[in-house]
Amino acid sequence: MLKRHARAACTALAAAGLLLAGTGGATADPAPAVPSAAATLRTADAAPELLAAMQRDLGLTPTQAKARLAHEAEAGATAARLRDRLGAAFAGAWVDGADSAVLTVATTRAADTAAIRATGARAKLVTRTLADLEGAKAALDRAAGPATPVRYVDPRSNTLVVEEAEAGAAARLLAATGTDAALVTVVRTAEAPRPLYDLRGGDAYYMNGSGRCSVGFPVTKGTVNGFATAGHCGRAGTTTTGFNQVAQGSFQASVFPGNDMAWVAANANWSSTPYVKGSGGANVQVAGSVLQPVGASVCRSGSTTGWHCGTIQQHNTSVTYPEGTISGVTRTTVCAEPGDSGGSYISGSQAQGVTSGGSGNCSSGGTTFFQPLNPILSAYGLTLKVSGSDPGPGPGPEPGGTWKAGTVYAAGATVTHGGSTYRCIQGHQAQTGWEPPNVPALWQRV
């Protein structure tokens, strides 16, 4: 489906070029090529270790693993453009298939279906908008307790899912908040999510010489090196030692519960690198922080269980741990165990987030949640350490305007660049080479 989308886009661009050429009666210079979403996210550079883990954990062939990353990048960009176009009628998007070749976009407005199909995606007409369901979830989050530990919007079923650990707990929560039961699907669970306390991305570190967690993603703040990790691993002032038990640094800020985010500033003996620890200790490069869509593949690195892969199930999930509720995390099928907390989630070369908590283990399987990385970068003014070099100027106008490398942009944010205005369609931290006219997977000219 996404391959058809690419062909349709090329055909549309070609037709537009012919119209422009005919207007003035002269042959126009060909429009400069713009990179695909897969090229922007550098899916072709995926490390062999990451591809091998995807094959092992997702049952893919080598060809499917490579194709899946490319399809997911294109699907994310297409879904983001459609979300921007559909506005309030948007009801979610997801990918399906072994190689994520099928993108589905849901809407509450029948008139939108033709526009969705024109991109090569499948259209699904539903009754509830994503905004409506997320609004209902917010009300439940304020009143939820351990008996209803997980709440999330499932775009596939167009419902709000509430997991209950004891019979009748969901019904009591709905009654207490006045939530319409028709919006909700109740799922009975025996799982009890908890922070994975016991304690390069994925390397171990130790807090106050005792508990162990895992490095999320190396970052910088000015001239200071450090890393993002989970908030439940330590509070501001907590000292850390590295995987080698050498003095490393200290927590500068931490939030838990509410969110599960923190960052550690390292001393001068430690340097940030653009890597996550892969299978066998090999380095997996980090090239950016574009959050991938529901259904996309994702892999995790942790100091207890190493490399494991799965898929993204839902974004903006709320989880109630014994210590309190955290919101805005992403639910995945990737397993994890104590000590993996804080560790890296990565999709292709794109940093996704840091391990928060979950249930189950890597022998029987489980569900794990990650705190998205971009809010951590934004909250603490951090810059993700990324690989690669400046690709130089690309197509589009000369630089200038409000766009700035290092800024974390959320979907919907607007900037100016080269005299034009652009709207962000996929949240990310800007970097040199990702100027708005160069990356249509991330920015839409308005």
# chains A, B, ... in the order shown; residues from 1 in each chain; ligands from 1
>>> select_by_dssp(residues="range 65-307 of chain A", states="strand (DSSP E or B)", output="PyMOL selection string")
chain A and resi 90-96+102-107+122-125+150-154+159-164+184-188+194-195+201+204-207+212-214+217-221+224-229+239-241+247-255+258+261-266+275-277+283-285+288+297-302+306-307
>>> residues_around(residues="range 419-428 of chain A", least_positions_apart="6", cutoff="7 Å", atoms="only C-alpha atoms", output="PyMOL selection string")
chain A and resi 80-81+84+289-291+374+401+408-413+436+442-446
>>> residues_around(residues="range 171-177 of chain A", least_positions_apart="2", cutoff="9 Å", atoms="only C-alpha atoms", output="PyMOL selection string")
chain A and resi 139-140+142-145+148+167-169+179-181+184+186
>>> residues_around(residues="Asp99 in chain A", least_positions_apart="4", cutoff="7 Å", atoms="only C-alpha atoms", output="MDAnalysis selection string")
chainID A and resid 64:65 67:68
>>> closest_atom_pairs(of="range 61-176 of chain A", to="range 314-331 of chain A", cutoff="7 Å", atoms="only C-alpha atoms", output="tab-separated table")
residue	atom	partner	partner_atom	distance
A:Asp141	CA	A:Ser318	CA	6.7
A:Gly145	CA	A:Thr320	CA	6.1
A:Pro146	CA	A:Thr320	CA	5.7
A:Pro149	CA	A:Thr320	CA	4.7
A:Val150	CA	A:Val319	CA	4.6
A:Arg151	CA	A:Ser318	CA	5.3
A:Tyr152	CA	A:Thr317	CA	4.7
A:Asp154	CA	A:Gln314	CA	6.7
>>> residues_around(residues="Gln350 in chain A", least_positions_apart="5", cutoff="9 Å", atoms="only C-alpha atoms", output="list in words")
Leu41, Arg42, Thr43, Gln285, Val286, Ala287, Gly288, Ser289, Val290, Leu291, Gln292 and Tyr345 of chain A
>>> select_by_dssp(residues="range 133-194 of chain A", states="helix (DSSP H, G or I)", output="MDAnalysis selection string")
chainID A and resid 133:143 169:177 181:183
>>> residues_around(residues="Ala46 in chain A", least_positions_apart="3", cutoff="7 Å", atoms="only C-alpha atoms", output="number ranges by chain")
A: 43, 50-51, 348-349
>>> write_last_selection(atoms="all heavy atoms", output="short mmCIF file (atom, residue, chain, number, x, y, z; two decimals), in the first residue's frame")
data_model
loop_
_atom_site.label_atom_id
_atom_site.label_comp_id
_atom_site.auth_asym_id
_atom_site.auth_seq_id
_atom_site.Cartn_x
_atom_site.Cartn_y
_atom_site.Cartn_z
N THR A 43 16.71 4.75 7.30
CA THR A 43 16.38 3.35 7.60
C THR A 43 17.36 2.38 6.95
O THR A 43 17.55 1.27 7.46
CB THR A 43 14.95 3.02 7.16
OG1 THR A 43 14.84 3.16 5.73
CG2 THR A 43 13.94 3.96 7.82
N LEU A 50 20.43 -4.77 15.03
CA LEU A 50 19.02 -4.41 15.18
C LEU A 50 18.16 -5.25 14.23
O LEU A 50 17.11 -5.77 14.62
CB LEU A 50 18.83 -2.93 14.88
CG LEU A 50 17.42 -2.37 15.05
CD1 LEU A 50 17.47 -0.96 15.63
CD2 LEU A 50 16.66 -2.35 13.73
N LEU A 51 18.61 -5.42 13.00
CA LEU A 51 17.86 -6.24 12.04
C LEU A 51 17.77 -7.69 12.52
O LEU A 51 16.72 -8.33 12.38
CB LEU A 51 18.52 -6.17 10.67
CG LEU A 51 18.49 -4.79 9.99
CD1 LEU A 51 19.37 -4.80 8.74
CD2 LEU A 51 17.07 -4.40 9.62
N GLY A 348 14.58 1.49 14.15
CA GLY A 348 15.54 1.82 13.10
C GLY A 348 16.68 2.58 13.73
O GLY A 348 17.36 2.10 14.63
N SER A 349 16.89 3.83 13.28
CA SER A 349 17.91 4.68 13.88
C SER A 349 17.31 5.79 14.72
O SER A 349 18.02 6.70 15.17
CB SER A 349 18.77 5.30 12.78
OG SER A 349 17.98 6.17 11.97
#
>>> closest_residue(among="A:Thr185, A:Thr229, A:Thr40, A:Thr240", to="Gly209 in chain A", atoms="only C-alpha atoms")
A:Thr240
>>> closest_residue(among="A:Ala37, A:Leu69, A:Ala236, A:Ala265", to="Pro218 in chain A", atoms="only C-alpha atoms")
A:Ala265
>>> residues_around(residues="Ala228 in chain A", least_positions_apart="2", cutoff="7 Å", atoms="only C-alpha atoms", output="list in words")
Val215, Gly216, Phe217, Pro218, Val219, Ala262, Trp263 and Val264 of chain A
>>> closest_residue(among="A:Val415, A:Arg300, A:Thr63, A:Thr402", to="Gln352 in chain A", atoms="only C-alpha atoms")
A:Arg300
>>> atom_distance(atom1="CA of Ala379 in chain A", atom2="CA of Gly226 in chain A")
14.9 Å
